[in-house]
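Encoded as structure tokens, the structure appears first; notes follow it.
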Amino acid sequence: MGNVRTAERESAAAGVNGQLLTALGQYTNDPVGFVACFFPWGVSGTELEKFTGPEQWQLRVLAHIRDCLAAGMDRGQAINEAIQIAVASGHGVGKSTLVSWIILWAISTFEDTRGVVTANTETQLKTKTWAELGKWHRLFMGSHLFKLTATAIFTVDSARERTWRIDMVPWSERNTEAFAGLHNKGKRVLVIFDEASAIPDIIWETAEGAMTDSETQIIWCVFGNPTRNSGRFRECFERFKHTWWTEQVDSRSVSITNKDQFNKWIRDYGEDSDFVRVRIRGIFPRVGELEFISVEDVDAAMGRDPVSQLTDPLALGVDVARYGSAESVIFIRKGRDAQTIPFLVYNGLSTVELAQKVFEAHERFHSDGIFIDGGGVGGGVVDNVRALHLFCHDVQFGGKDDVGGWSQGIDGERYANKRAAMWGAMRSWIKTGSLPHDAELRSQLTGLTYTFNLRGEIQLEKKEDMVKRGLSSPDRADALALTFAYPLAPHELAGGIHPQKSLVQHEYDPFKDLNDYNPLEAA
């Protein structure tokens, strides 16, 4: 008798599961309907008894996924372009909640879905993103069909748990295989970045490798507070806007947020302060958190016509490559003009060869001062330039700020070393100077961050640390900064790039008649 009842229960359970799977199948391409139907909205005694459904901004994101999938079906073909969605928002708008819905919809409505979820830090992943997924997995009507662990969610079908799963993967520049190997041709691929503003560019670039499968549903969603005004998250809204559907969410437009706290912040900091832009309005800051130079200032300098005075001294800044893909750069600046003469970039030169390039640049442009990064292998360039009987300054980035007021930084600023002081002078100069239109230089100038040391001095991020964050070594920016190492005095014949009139004018030319003399006419 017991075996009969067990069989009846199994049969009934199979019937219920069959009905559930059929119902889930109806929402394969409709995350809006999925969220509406498979959570207990308004049900008494549940966590959702006081809620009727998603916020409007969340619905817009879900509807965009639905509409993109529907458009592909209307054409009678699979999606051949990834659905890419970028959302920048203030605090408390429900980003992690939306991430959870998208994960549960993606994995439960399409067999053998594969995906990865990452965030700015492992702590964010575990304590916020994955914790929120745990809550919504518990509320999900089909939760028994999928097992949620500390690092993954996957089907309870043991034969398919390796092919039907979404993994939580902390990012690492030294281990990008989890992103590079995410292919699932003919099925569905989901990639989610939470707090995407702080995820390094190399992880973005590696994840793009998962976007290459044809006839595959590929959905890439990135969310975050817009804390940085450079990097790939920012570029989703600018440079790569043509490939991303974007949404910027003001926290005040969301019903669940604390409006009183927001009003206090606005009174304290101002409506248009970077603090309010990032934490409330979902707008990228003028100066990113701990970023030394603002994008606005750099863009203005790149759009400014070059102007310099005849007497403005001409400086050469030389940054010496040390490893890998790093560049040796010679930057030429005359007064407010760092645009007229293109900077020079070299790869793979020896110290002797680079010294010769410096000598040639000096001969060509008649520089009034040469400033070379003399640290490490740069010392060899200094020695070889001097061996060519050319005076140059050996600038040690880690040395003391030995010219004080020349840095022209904000009142009260003090710098931990020579490099920070040069960047301080350059930051001040950029507000009125002109820069060349160069995307790499723009990225290097705006990507560098800073901290304060125990003495309250500004300490810039090291080159090596920028590279670890997935950014390129700031060789071009450092070369420009080197032109601010020491002041150069203006003089009448500064530089040699402009035609100059003789300083003495003669009314009488004793050779004029001789030059005009024609012996044939005289004959």
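Note on naming: chains are A, B, ... as they come in the structure tokens, residues start from 1 per chain, ligands start from 1 in the order shown.
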
Test item, strand (DSSP E) assignment across segment 97-214 of chain A, answer as a list in words:
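Written out, the strand (DSSP E) residues of segment 97-214 of chain A are Arg114, Gly115, Val116, Val117, Thr118, Ala119, Phe146, Lys147, Leu148, Ala152, Ile153, Phe154, Thr155, Arg165, Ile166, Asp167, Met168, Arg188, Val189, Leu190, Val191, Ile192, Phe193 and Asp194 of chain A.
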
Test item, alpha helix (DSSP H) assignment across segment 303-387 of chain A, answer as number ranges by chain:
A: 351-365, 378-387

I need the residues from that last selection saved to file as a PDB file, in the first residue's frame (with C-alpha atoms), if you can.
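Result file follows (result37.pdb):
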ATOM      1  CA  THR A 351      68.473  53.812 -24.031  1.00  0.00           C
ATOM      2  CA  VAL A 352      71.019  54.835 -26.691  1.00  0.00           C
ATOM      3  CA  GLU A 353      68.379  54.930 -29.433  1.00  0.00           C
ATOM      4  CA  LEU A 354      65.935  56.907 -27.300  1.00  0.00           C
ATOM      5  CA  ALA A 355      68.673  59.380 -26.354  1.00  0.00           C
ATOM      6  CA  GLN A 356      69.293  59.940 -30.072  1.00  0.00           C
ATOM      7  CA  LYS A 357      65.558  60.618 -30.585  1.00  0.00           C
ATOM      8  CA  VAL A 358      65.678  63.183 -27.775  1.00  0.00           C
ATOM      9  CA  PHE A 359      68.689  64.833 -29.376  1.00  0.00           C
ATOM     10  CA  GLU A 360      66.908  64.969 -32.755  1.00  0.00           C
ATOM     11  CA  ALA A 361      63.782  66.474 -31.167  1.00  0.00           C
ATOM     12  CA  HIS A 362      65.888  69.122 -29.465  1.00  0.00           C
ATOM     13  CA  GLU A 363      67.673  69.977 -32.726  1.00  0.00           C
ATOM     14  CA  ARG A 364      64.396  70.174 -34.599  1.00  0.00           C
ATOM     15  CA  PHE A 365      62.351  72.182 -32.100  1.00  0.00           C
ATOM     16  CA  GLY A 378      65.595  56.128 -17.583  1.00  0.00           C
ATOM     17  CA  GLY A 379      68.950  56.806 -15.970  1.00  0.00           C
ATOM     18  CA  GLY A 380      70.599  55.326 -19.051  1.00  0.00           C
ATOM     19  CA  VAL A 381      68.745  57.766 -21.291  1.00  0.00           C
ATOM     20  CA  VAL A 382      69.900  60.689 -19.132  1.00  0.00           C
ATOM     21  CA  ASP A 383      73.520  59.513 -19.339  1.00  0.00           C
ATOM     22  CA  ASN A 384      73.376  59.040 -23.104  1.00  0.00           C
ATOM     23  CA  VAL A 385      71.736  62.427 -23.724  1.00  0.00           C
ATOM     24  CA  ARG A 386      74.449  64.097 -21.686  1.00  0.00           C
ATOM     25  CA  ALA A 387      77.070  62.138 -23.627  1.00  0.00           C
TER      26      ALA A 387
END

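The list of residues with at least one atom within 7 Å of His437 of chain A, based on only C-alpha atoms and without residues fewer than 2 positions apart in the same chain, reads Met302, Leu435 and Ala439 of chain A.
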
Ranking A:Lys185, A:Met422, A:Arg414, A:Ser434 by minimum distance to Arg455 of chain A and counting only C-alpha atoms, which one comes first?
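Closest to Arg455 of chain A, using only C-alpha atoms: A:Arg414.
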
May I have the residues within 12 Å of Phe140 of chain A as a PyMOL selection string, using only C-alpha atoms and disregarding those fewer than 3 positions away in the same chain?
chain A and resi 20+24+34-41+46-48+100-101+103-105+108+133-137+143-146+148

Using only C-alpha atoms, which residue out of A:Gly45, A:Gly186, A:Pro474, A:Pro285 lies closest to Glu215 of chain A?
A:Gly186

The residue from A:Val403, A:Leu441, A:Ala198, A:Val254 with the smallest atom-to-atom distance to Lys418 of chain A, counting only C-alpha atoms, is A:Val403

Which residue of A:Ile341, A:Val222, A:Ile65, A:Ile107 approaches Ala152 of chain A most closely, using only C-alpha atoms:
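Smallest distance to Ala152 of chain A is found for A:Ile107.
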